[in-house]
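The structure under discussion appears below in the form of structure tokens.
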Amino acid sequence: MMKASRLRTEYLNDPLGLDVKRPRLMWNCEGGTKQTSYRIVTEKWDSGKVKSSSMSAVYPYDLRDRERIVWKICLWDENDEAGEWNEAFFETGISEWKAKWISGGYKARRKERYPVDCFRRIFIVEKEFQTARLYITACGLYEARIGGKRVGAFVMAPGYTDYRRRIQYQTYDVTGMIRQGENRLTVQLADGWYRGSCGAWGRRNQYGTETKLLAQLEINYTDGSRETFATDENWDWSCDGPIRFADNKDGEIVEGFRTPLYDKKAKVTSHGVKPSASNNVPVTEHETFKPVLIKTPSGKSVLDFGQNIAGYISFSLKAEYGQQVLLKFGEMLDENGEFTQKNFQLVRGKLVTPLQLVRYTCAAGRNEYKTKFSVFGFRYVLVESDAGFSTDDFTAVAVYSDLERTGWFESSNTLLNRFFEATVWSAKGNHLDIPTDCPTRERHGWTGDAQIFARSASYLFSFAPFARKYLNDLMDVQHKNGNYTQIAPVGGVDPYMRPMDGSAGWSDAGVLIPWVIYSQYGDKRLLEDDYPNMRRYAMYKIGNIGKWYPTSLPTGLGLKDSLAISNYGQSYGEWAEPSDVNAFRVADFISPHPEETTAYIIYMLLCMEKIALILGKTDDADFFRKNADKATSGYRSLVKTRKFTLDTDRQAKLVRPLYLKLLDEEQSDYARKRLIEALDRYGWRLGTGFLSTPLILYVLSEIDTEYAFRLLENEEIPGWLSMPKHGATTVWENWNGPFSTEGAGLGSLNHYSKGALAEWLFTTMCGIRVEGENRFTVAPRPGGHFTYARASYDSIYGMISSGWERHDGFTVYSVTVPVNCEAVISLPGGRTETAGPGTYTYREG
């Protein structure tokens with residue numbers, strides 16, 4: 001009997017506050033072999049028996065505000081037998097608000113910092129009620145409580161957007177928190193990204209100076225009436241609560257003995273953006289860790305939690321009134337075994353950022369503390385306190401977007417397994433409502449990091465709703481000329497960086513991420529929704545081909561070929577190659593990078609051609625192909641020049657054109673040979689930078705799989721396995737990690753970008769690729785000194801697994817295909833077959 005499982009609406013489990021007018025209903029199959037039909041029933045819709053193997057359907061009616069839809073589904077299997085019913089629900093939010101924006105009763109000054117605002121509404125429920133919902137958002141960060149109990153499990157809400165263009169609101173089911181009689185709704189409001197620190201230098205007031213709150217509590221009575229308690233001038237307010245300072249990067253200053261008086265009134269204010277639902281997973285608390293105590297050579301007390309995370313801390317300890325606990329959060333100990341924050345802090349005069357600290361002043365007796373409005377990147381915590389404490393008093397809490405884990409990998413190489421898990425941890429720590437570069441210094445939503453990791457993220461997690469939200473962020477700040485930014489949202493971007501908008505491999509995220517999500521999830525609606533913005537970007541980039549730029553340098557090309565490449569705009573180039581391969585120079589920021597820029601224009605346009613064809617826009621597709629061909633011709637001429645020759649030891653300059661298929665046959669043959677020569681000269685260590693590191697194993701696999709494994713197994717710096725070999729539990733920013741002296745010694749130890757290796761482990765080493773609706777290819781490739789490898793991927797179509805194990809003289813392969821799917825299985829020995837659902841074992845050798 002076949003049953004629908006893993007029921008979701010718009011990729012989400014039983015979402016509250018959805019604002020998609022006609023949402024997609026999604027499921028997987030269990031039991032049986034093939035789904036031949038489905039039937040979906042709601043209170044006002046019955047699909048009837050639909051003959052289809054698709055595991056998704058579109059709700060056929062436009063939804064109203066506050067509408068709760070319970071949908072039930074039944075499937076028919078290959079024998080046309082109906083299985084048991086399963087059900088899920090979704091509920092829409094609101095589009096019109098009775099609430100008014102309110103703020104604290106003071107006029108904020110840009111250079112001042114303020115305590116957390118405390119708001120209160122006392123209300124009385126006189127009748128029997130059926131349901132209650134709280135709709136709430138803020139310019140800042142909020143925490144709501146009813147009757148002293150926290151509302152919901154979301155933290156760092158309402159999340160991060162460009163508040164001048166988009167504000168997310170949340171919907172909470174508070175039915176079980178309301179009682180007949182008197183109730184108290186309290187809300188604390190902190191600066192967050194809105195008014196707090198943003199970017200490397202902790203720039204403040206990036207979206208405004210006045211934090212504000214919007215909340216609407218609706219109680220639905222059993223008699224059919226509804227009562228609303230909404231923010232307005234009648235709400236009580238004070239700023240005398242325990243949190244005297246809160247900054248999302250710098251930390252919190254807390255006086256545990258304080259209780260807010262709520263002795264003043266809130267001020268009504270305004271904000272010109274109507275809130276909307278994120279239709280994304282929320283930020284929540286996850287794993288917890290207990291520490292061991294380290295005494296440093298200087299006698300300092302340092303808590304080691306064993307895992308580098310993004311999160312915060314909680315503690316419970318007894319103290320006397322006025323005793324203090326000072327906590328500083330960091331990623332590493334220095335060469336002397338002392339706590340340090342120098343690897344991620346910036347210093348300019350008296351400015352030091354980020355501080356990553358908590359200063360807590362105790363009340364008499366038991367003190368319970370958990371950070372509310374800050375998140376830190378840390379493994380180690382320096383503790384300075386005149387109150388007695390033990391390690392049992394402290395707990396570290398990992399905080400990140402509630403991404404469902406979908407990808408697992410294991411092999412016979414312990415270092416690779418540890419690097420894979422380090423990648424998972426870096427991905428968790430850098431996906432807090434936006435994809436950040438690191439959870440310490442910048443915390444920017446870098447487009448480059450996001451695009452090179454998008455496919456890895458799509459294997460590791462149910463990534464589509466998160467990607468959709470981030471693409472909204474990117475479209476929100478798209479320039480009028482069509483150019484995408486290098487960072488989204490843009491708060492905290494230093495002025496000197498803004499000319500880098502449009503940088504090759506960064507701003508292309510606006511096209512490349514939608515293409516990855518479509519390839520992995522079959523999400524055509526995303527392509528339809530984003531196509532106008534993607535097209536504007538493509539047209540902007542086409543306009544840069546052959547265009548003059550003031551700081552462009554001679555390429556050695558003649559006029560005709562110069563008009564076929566892009567030598568326009570400041571950009572990052574390959575970025576972050578090992579210093580002994582290509583040392584960083586400030587001049588690299590100033591002049592265009594015609595090789596990288598032209599290559600990514602071609603790559604982006606070819607993706608746009610595919611997207612246009614999928615959407616039936618054949619004229620656009622022809623136009624994109626024509627311009628891609630023109631730029632390809634220019635690129636092939638460019639790499640014949642002395643300055644951009646393929647005769648180079650810079651691995652990236654060979655990997656990129658080979659991966660993107662930019663060269664003619666003769667050039668390709670030469671580049672492949674030259675890449676192996678470059679690797680020989682560099683001792684088979686990684687010499688690529690930011691853009692090409694995720695690509696190099698694919699290129700080597702096409703030449704000879706053993707080359708890819710030889711590079712993968714390198715344990716020396718620079719290399720992937722050098723990180724866990726030196727104790728890393730997350731992925732380093734710099735190849736040298738804690739040993740780096742590059743960039744004045746700055747370098748986060750929690751950057752996920754180099755972990756984009758993960759996709760190759762799934763797609764090539766274990767061979768799992770999504771080929772279309774309900775279809776996969778599985779083409780595993782053993783190699784190197786590995787004796788086994790296996791991966792499982794809980795795809796949008798179900799769980800697929802592939803693994804291999806070497807024995808003396810033969811290799812055993814195992815593949816599991818999910819119900820209602822098929823896979824073309826191709827083994828290295830030449831055997832190829834199409835397999836339906838089930839587990840298959842093969843022996844070769």
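Here's how to read the names in the structure tokens: chain A, B, ... by the order shown, residue numbers from 1 in each chain, ligand numbers from 1 in the order shown.
By chain and then residue number, the residues within 8 Å of region 525-533 of chain A are A:Arg468, A:Met475, A:Gly482, A:Pro514, A:Trp515, A:Tyr518, A:Arg536, A:Tyr537, A:Ile611, A:Leu615, counting only C-alpha atoms and disregarding those fewer than 3 positions away in sequence.
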Residue neighbourhood Val347 (chain A), 9 Å, only C-alpha atoms, exclusion window fewer than 5 positions, as a ChimeraX atom specification = /A:201,352-353
Output file for the residues above (N, CA and C atoms, as a PDB file, in the first residue's frame):
```pdb
ATOM      1  N   TRP A 201      33.158  46.838   9.888  1.00  0.00           N
ATOM      2  CA  TRP A 201      33.484  47.931  10.811  1.00  0.00           C
ATOM      3  C   TRP A 201      32.329  48.283  11.738  1.00  0.00           C
ATOM      4  N   VAL A 352      37.085  49.151  18.328  1.00  0.00           N
ATOM      5  CA  VAL A 352      37.395  47.727  18.226  1.00  0.00           C
ATOM      6  C   VAL A 352      36.099  47.007  17.921  1.00  0.00           C
ATOM      7  N   THR A 353      36.091  46.222  16.849  1.00  0.00           N
ATOM      8  CA  THR A 353      34.856  45.557  16.451  1.00  0.00           C
ATOM      9  C   THR A 353      35.155  44.216  15.785  1.00  0.00           C
TER      10      THR A 353
END
```
Residues at most 10 Å from region 828-833 of chain A, counting only C-alpha atoms, excluding those fewer than 5 positions away in the same chain, as a PyMOL selection string?
-> chain A and resi 778-782+823+842-845
When you look at region 169-172 of chain A with a cut-off of 10 Å (counting only C-alpha atoms), what residues show up, excluding the ones that are within fewer than 3 positions of it in the same chain? I need them as a compact mmCIF listing (two decimals) with N, CA, C and O atoms, in the first residue's frame.
```
# COMPACT_ATOMS: atom_id res chain seq x y z
N PRO A 15 3.15 25.30 7.72
CA PRO A 15 3.51 26.70 7.96
C PRO A 15 2.35 27.55 8.44
O PRO A 15 1.22 27.40 7.99
N LEU A 16 2.66 28.45 9.37
CA LEU A 16 1.73 29.48 9.83
C LEU A 16 2.14 30.81 9.20
O LEU A 16 3.33 31.15 9.18
N GLY A 17 1.16 31.56 8.72
CA GLY A 17 1.46 32.89 8.20
C GLY A 17 1.96 32.89 6.78
O GLY A 17 2.64 33.84 6.36
N LEU A 18 1.63 31.90 6.00
CA LEU A 18 2.06 31.83 4.61
C LEU A 18 1.36 32.93 3.81
O LEU A 18 0.18 33.20 4.03
N GLU A 91 -1.57 27.72 7.02
CA GLU A 91 -2.44 28.82 7.42
C GLU A 91 -1.86 30.12 6.89
O GLU A 91 -0.65 30.36 7.01
N THR A 92 -2.70 30.93 6.30
CA THR A 92 -2.23 32.20 5.76
C THR A 92 -2.14 33.25 6.86
O THR A 92 -2.74 33.12 7.93
N GLY A 93 -1.40 34.30 6.58
CA GLY A 93 -1.25 35.40 7.52
C GLY A 93 -2.23 36.53 7.23
O GLY A 93 -3.36 36.28 6.82
N ILE A 94 -1.78 37.75 7.45
CA ILE A 94 -2.65 38.90 7.23
C ILE A 94 -1.97 39.87 6.27
O ILE A 94 -0.74 39.96 6.22
N ALA A 132 -6.10 31.76 19.06
CA ALA A 132 -5.46 33.08 19.22
C ALA A 132 -4.18 33.10 18.40
O ALA A 132 -3.43 32.12 18.40
N ARG A 133 -3.96 34.20 17.71
CA ARG A 133 -2.77 34.37 16.88
C ARG A 133 -2.11 35.70 17.20
O ARG A 133 -2.79 36.72 17.36
N LEU A 134 -0.80 35.66 17.25
CA LEU A 134 -0.01 36.89 17.39
C LEU A 134 0.74 37.11 16.10
O LEU A 134 1.55 36.27 15.68
N TYR A 135 0.48 38.26 15.45
CA TYR A 135 1.22 38.69 14.27
C TYR A 135 2.14 39.82 14.72
O TYR A 135 1.67 40.80 15.30
N ILE A 136 3.43 39.68 14.43
CA ILE A 136 4.37 40.62 15.04
C ILE A 136 5.61 40.79 14.18
O ILE A 136 6.06 39.85 13.53
N THR A 137 6.14 42.00 14.19
CA THR A 137 7.40 42.29 13.53
C THR A 137 8.02 43.51 14.20
O THR A 137 7.45 44.09 15.12
N ALA A 138 9.20 43.89 13.71
CA ALA A 138 9.89 45.02 14.31
C ALA A 138 10.94 45.55 13.35
O ALA A 138 11.45 44.84 12.48
N VAL A 151 6.97 33.51 23.66
CA VAL A 151 6.11 33.17 22.54
C VAL A 151 6.95 32.54 21.44
O VAL A 151 7.86 33.17 20.89
N GLY A 152 6.68 31.29 21.10
CA GLY A 152 7.34 30.64 19.98
C GLY A 152 8.79 30.29 20.26
O GLY A 152 9.36 30.62 21.30
N ALA A 153 9.38 29.62 19.28
CA ALA A 153 10.77 29.18 19.40
C ALA A 153 11.71 29.98 18.53
O ALA A 153 12.90 29.70 18.47
N PHE A 154 11.19 31.01 17.84
CA PHE A 154 12.03 31.78 16.93
C PHE A 154 12.93 32.72 17.73
O PHE A 154 12.52 33.29 18.74
N ALA A 157 14.40 37.35 15.71
CA ALA A 157 13.27 37.71 14.85
C ALA A 157 13.10 39.24 14.84
O ALA A 157 13.40 39.90 15.84
N PRO A 158 12.65 39.78 13.72
CA PRO A 158 12.01 39.14 12.57
C PRO A 158 12.97 38.68 11.47
O PRO A 158 12.52 38.35 10.36
N GLY A 159 14.27 38.64 11.74
CA GLY A 159 15.23 38.27 10.72
C GLY A 159 15.81 39.48 10.03
O GLY A 159 15.53 40.63 10.40
N ARG A 166 11.72 45.76 2.63
CA ARG A 166 11.02 44.53 3.00
C ARG A 166 11.17 44.29 4.50
O ARG A 166 12.27 44.36 5.04
N THR A 175 -2.74 30.14 21.22
CA THR A 175 -3.99 29.70 21.84
C THR A 175 -3.76 29.13 23.23
O THR A 175 -4.51 29.45 24.17
N LEU A 214 5.60 46.46 15.76
CA LEU A 214 4.25 46.32 15.23
C LEU A 214 3.74 44.95 15.66
O LEU A 214 4.34 43.93 15.34
N ALA A 215 2.64 44.92 16.40
CA ALA A 215 2.12 43.64 16.91
C ALA A 215 0.59 43.67 16.93
O ALA A 215 -0.03 44.70 17.23
N GLN A 216 0.01 42.53 16.59
CA GLN A 216 -1.44 42.41 16.53
C GLN A 216 -1.84 41.04 17.06
O GLN A 216 -1.57 40.01 16.44
N LEU A 217 -2.44 41.03 18.22
CA LEU A 217 -2.93 39.81 18.84
C LEU A 217 -4.42 39.69 18.55
O LEU A 217 -5.20 40.59 18.89
N LYS A 274 4.99 47.78 4.08
CA LYS A 274 4.01 46.84 4.61
C LYS A 274 4.70 45.50 4.89
O LYS A 274 5.37 44.95 4.01
N PRO A 275 4.56 44.95 6.08
CA PRO A 275 5.21 43.67 6.40
C PRO A 275 4.69 42.54 5.51
O PRO A 275 3.53 42.53 5.09
N SER A 276 5.56 41.59 5.26
CA SER A 276 5.19 40.39 4.49
C SER A 276 5.81 39.18 5.15
O SER A 276 6.80 39.29 5.89
N ALA A 277 5.24 38.02 4.90
CA ALA A 277 5.80 36.78 5.44
C ALA A 277 7.06 36.40 4.68
O ALA A 277 7.20 36.69 3.49
N SER A 278 7.98 35.75 5.36
CA SER A 278 9.23 35.34 4.71
C SER A 278 9.04 34.08 3.87
O SER A 278 9.81 33.84 2.94
N ASN A 279 8.02 33.27 4.19
CA ASN A 279 7.83 31.96 3.54
C ASN A 279 9.12 31.14 3.60
O ASN A 279 9.45 30.41 2.67
N PRO A 282 12.41 29.56 10.05
CA PRO A 282 12.82 30.57 11.03
C PRO A 282 14.22 30.28 11.58
O PRO A 282 14.78 29.20 11.37
```
If we count only C-alpha atoms, what is near Lys107 (chain A) at a cut-off of 10 Å, once residues fewer than 3 positions away on the same chain are taken out, given as a PyMOL selection string?
-> chain A and resi 103-104+110+209-210
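Residues of region 10-197 of chain A assigned to helix (DSSP H, G or I) by DSSP on this structure's backbone: Thr175, Gly176, Met177, Gly192, Trp193, Tyr194 and Arg195 of chain A.
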How about saving the chosen residues, all heavy atoms kept, as an mmCIF file, in the first residue's frame?
```cif
data_model
loop_
_atom_site.group_PDB
_atom_site.id
_atom_site.type_symbol
_atom_site.label_atom_id
_atom_site.label_comp_id
_atom_site.auth_asym_id
_atom_site.auth_seq_id
_atom_site.Cartn_x
_atom_site.Cartn_y
_atom_site.Cartn_z
ATOM 1 N N THR A 175 -2.736 30.139 21.222
ATOM 2 C CA THR A 175 -3.990 29.696 21.837
ATOM 3 C C THR A 175 -3.762 29.133 23.232
ATOM 4 O O THR A 175 -4.505 29.449 24.174
ATOM 5 C CB THR A 175 -4.658 28.620 20.951
ATOM 6 O OG1 THR A 175 -4.793 29.117 19.616
ATOM 7 C CG2 THR A 175 -6.014 28.233 21.504
ATOM 8 N N GLY A 176 -2.712 28.321 23.382
ATOM 9 C CA GLY A 176 -2.466 27.697 24.672
ATOM 10 C C GLY A 176 -1.847 28.613 25.712
ATOM 11 O O GLY A 176 -1.683 28.210 26.870
ATOM 12 N N MET A 177 -1.520 29.839 25.320
ATOM 13 C CA MET A 177 -0.888 30.777 26.261
ATOM 14 C C MET A 177 -1.872 31.795 26.828
ATOM 15 O O MET A 177 -1.546 32.512 27.784
ATOM 16 C CB MET A 177 0.259 31.519 25.559
ATOM 17 C CG MET A 177 1.303 30.605 24.938
ATOM 18 S SD MET A 177 2.672 31.499 24.193
ATOM 19 C CE MET A 177 3.582 31.989 25.661
ATOM 20 N N GLY A 192 19.269 45.157 16.895
ATOM 21 C CA GLY A 192 19.422 44.219 15.801
ATOM 22 C C GLY A 192 20.238 44.783 14.652
ATOM 23 O O GLY A 192 21.099 45.649 14.825
ATOM 24 N N TRP A 193 19.971 44.283 13.447
ATOM 25 C CA TRP A 193 20.651 44.785 12.253
ATOM 26 C C TRP A 193 20.152 46.181 11.884
ATOM 27 O O TRP A 193 20.851 46.932 11.226
ATOM 28 C CB TRP A 193 20.411 43.843 11.083
ATOM 29 C CG TRP A 193 20.985 42.477 11.226
ATOM 30 C CD1 TRP A 193 22.269 42.083 10.946
ATOM 31 C CD2 TRP A 193 20.304 41.296 11.666
ATOM 32 N NE1 TRP A 193 22.423 40.744 11.192
ATOM 33 C CE2 TRP A 193 21.231 40.227 11.628
ATOM 34 C CE3 TRP A 193 18.998 41.040 12.080
ATOM 35 C CZ2 TRP A 193 20.892 38.936 11.991
ATOM 36 C CZ3 TRP A 193 18.655 39.749 12.438
ATOM 37 C CH2 TRP A 193 19.595 38.712 12.390
ATOM 38 N N TYR A 194 18.926 46.493 12.307
ATOM 39 C CA TYR A 194 18.297 47.752 11.894
ATOM 40 C C TYR A 194 19.107 48.964 12.364
ATOM 41 O O TYR A 194 19.454 49.844 11.576
ATOM 42 C CB TYR A 194 16.880 47.815 12.457
ATOM 43 C CG TYR A 194 16.106 49.050 12.054
ATOM 44 C CD1 TYR A 194 15.510 49.120 10.802
ATOM 45 C CD2 TYR A 194 15.968 50.121 12.918
ATOM 46 C CE1 TYR A 194 14.790 50.244 10.418
ATOM 47 C CE2 TYR A 194 15.248 51.244 12.552
ATOM 48 C CZ TYR A 194 14.666 51.310 11.299
ATOM 49 O OH TYR A 194 13.957 52.427 10.928
ATOM 50 N N ARG A 195 19.422 48.981 13.641
ATOM 51 C CA ARG A 195 20.143 50.129 14.214
ATOM 52 C C ARG A 195 21.503 49.731 14.773
ATOM 53 O O ARG A 195 22.327 50.590 15.108
ATOM 54 C CB ARG A 195 19.278 50.766 15.313
ATOM 55 C CG ARG A 195 19.795 52.087 15.831
ATOM 56 C CD ARG A 195 18.773 52.786 16.712
ATOM 57 N NE ARG A 195 18.595 52.159 18.013
ATOM 58 C CZ ARG A 195 17.742 52.580 18.944
ATOM 59 N NH1 ARG A 195 16.963 53.633 18.671
ATOM 60 N NH2 ARG A 195 17.615 51.971 20.093
#
```
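A straight line drawn from CA of Trp85 (chain A) to CA of Asp19 (chain A) is 26.4 Å long.
Shortest separation to Tyr521 (chain A) among A:Tyr11, A:Tyr568, A:Phe762, A:Phe810 occurs at residue A:Tyr11, atoms counted being only C-alpha atoms.
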Using only C-alpha atoms, which residues sit within 10 Å of region 544-553 of chain A once same-chain residues fewer than 3 positions away are excluded, as a list in words?
->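 The neighbour list is Ala538, Met539, Tyr540, Lys541, Gly556, Leu559, Lys560, Asp561, Ser562, Leu563, Ala564, Ile565, Ser566, Asn567, Tyr568, Gly569, Gln570, Ile590, Ser591, Pro592, His593, Pro594, Thr597, Thr598, Ile601, Asn627, Lys630, Ala631 and Gly634 of chain A.
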Could you write out that same residue set with N, CA, C and O atoms as a compact mmCIF listing (two decimals), in the first residue's frame?
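The new file part.txt reads:
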```txt
# COMPACT_ATOMS: atom_id res chain seq x y z
N ALA A 538 21.24 40.28 -16.99
CA ALA A 538 21.91 39.78 -18.19
C ALA A 538 22.11 40.89 -19.21
O ALA A 538 23.18 41.00 -19.83
N MET A 539 21.11 41.74 -19.38
CA MET A 539 21.22 42.84 -20.33
C MET A 539 22.28 43.85 -19.87
O MET A 539 23.03 44.39 -20.69
N TYR A 540 22.36 44.07 -18.57
CA TYR A 540 23.40 44.96 -18.05
C TYR A 540 24.78 44.40 -18.36
O TYR A 540 25.68 45.12 -18.81
N LYS A 541 24.97 43.10 -18.13
CA LYS A 541 26.27 42.48 -18.38
C LYS A 541 26.61 42.45 -19.87
O LYS A 541 27.77 42.63 -20.26
N GLY A 556 46.33 43.39 -24.57
CA GLY A 556 47.11 42.85 -25.66
C GLY A 556 46.26 42.40 -26.83
O GLY A 556 46.79 41.85 -27.81
N LEU A 559 41.42 45.48 -31.66
CA LEU A 559 40.13 46.14 -31.46
C LEU A 559 38.97 45.16 -31.56
O LEU A 559 38.07 45.17 -30.70
N LYS A 560 38.95 44.29 -32.56
CA LYS A 560 37.83 43.38 -32.75
C LYS A 560 37.64 42.47 -31.53
O LYS A 560 36.52 42.33 -31.03
N ASP A 561 38.72 41.88 -31.07
CA ASP A 561 38.60 40.99 -29.92
C ASP A 561 38.33 41.76 -28.63
O ASP A 561 37.65 41.24 -27.73
N SER A 562 38.84 42.97 -28.52
CA SER A 562 38.57 43.79 -27.34
C SER A 562 37.08 44.09 -27.20
O SER A 562 36.57 44.21 -26.08
N LEU A 563 36.39 44.19 -28.32
CA LEU A 563 34.95 44.46 -28.30
C LEU A 563 34.13 43.22 -27.99
O LEU A 563 32.91 43.28 -27.87
N ALA A 564 34.82 42.06 -27.87
CA ALA A 564 34.12 40.80 -27.60
C ALA A 564 34.35 40.30 -26.18
O ALA A 564 33.85 39.22 -25.83
N ILE A 565 35.10 41.02 -25.35
CA ILE A 565 35.30 40.64 -23.96
C ILE A 565 34.79 41.77 -23.07
O ILE A 565 34.44 42.85 -23.54
N SER A 566 34.76 41.51 -21.76
CA SER A 566 34.40 42.55 -20.80
C SER A 566 35.61 42.91 -19.97
O SER A 566 36.13 42.08 -19.22
N ASN A 567 36.09 44.12 -20.15
CA ASN A 567 37.18 44.68 -19.36
C ASN A 567 36.64 45.89 -18.62
O ASN A 567 37.23 46.96 -18.62
N TYR A 568 35.48 45.65 -17.99
CA TYR A 568 34.71 46.75 -17.41
C TYR A 568 34.39 46.47 -15.95
O TYR A 568 33.99 45.35 -15.60
N GLY A 569 34.55 47.46 -15.11
CA GLY A 569 34.11 47.37 -13.72
C GLY A 569 35.14 46.80 -12.78
O GLY A 569 35.92 45.93 -13.14
N GLN A 570 35.15 47.31 -11.56
CA GLN A 570 36.04 46.76 -10.54
C GLN A 570 35.47 45.44 -10.03
O GLN A 570 34.25 45.24 -9.97
N ILE A 590 41.20 47.68 -7.91
CA ILE A 590 41.01 48.91 -8.67
C ILE A 590 40.70 48.67 -10.13
O ILE A 590 39.88 49.35 -10.73
N SER A 591 41.38 47.69 -10.73
CA SER A 591 41.23 47.45 -12.16
C SER A 591 40.32 46.25 -12.43
O SER A 591 40.20 45.35 -11.60
N PRO A 592 39.69 46.22 -13.60
CA PRO A 592 38.86 45.07 -13.98
C PRO A 592 39.68 43.80 -14.12
O PRO A 592 40.90 43.83 -14.27
N HIS A 593 38.98 42.67 -14.08
CA HIS A 593 39.59 41.37 -14.30
C HIS A 593 38.93 40.76 -15.54
O HIS A 593 37.93 40.04 -15.43
N PRO A 594 39.46 41.05 -16.71
CA PRO A 594 38.77 40.64 -17.94
C PRO A 594 38.62 39.14 -18.11
O PRO A 594 37.63 38.68 -18.69
N THR A 597 35.84 38.06 -15.57
CA THR A 597 34.58 38.73 -15.90
C THR A 597 33.98 38.17 -17.17
O THR A 597 32.77 37.86 -17.24
N THR A 598 34.78 38.01 -18.21
CA THR A 598 34.27 37.47 -19.47
C THR A 598 33.82 36.03 -19.29
O THR A 598 32.77 35.63 -19.82
N ILE A 601 30.45 36.02 -17.56
CA ILE A 601 29.39 36.51 -18.44
C ILE A 601 28.92 35.37 -19.34
O ILE A 601 27.72 35.15 -19.53
N ASN A 627 25.21 36.28 -27.78
CA ASN A 627 26.19 37.08 -27.03
C ASN A 627 27.18 36.21 -26.28
O ASN A 627 28.34 36.59 -26.12
N LYS A 630 29.72 35.25 -28.86
CA LYS A 630 30.60 36.39 -29.13
C LYS A 630 31.67 36.50 -28.06
O LYS A 630 32.87 36.65 -28.34
N ALA A 631 31.25 36.42 -26.78
CA ALA A 631 32.21 36.53 -25.67
C ALA A 631 33.16 35.34 -25.63
O ALA A 631 34.32 35.48 -25.25
N GLY A 634 35.93 36.02 -27.96
CA GLY A 634 36.86 36.97 -27.36
C GLY A 634 37.72 36.34 -26.28
O GLY A 634 38.91 36.63 -26.17
```
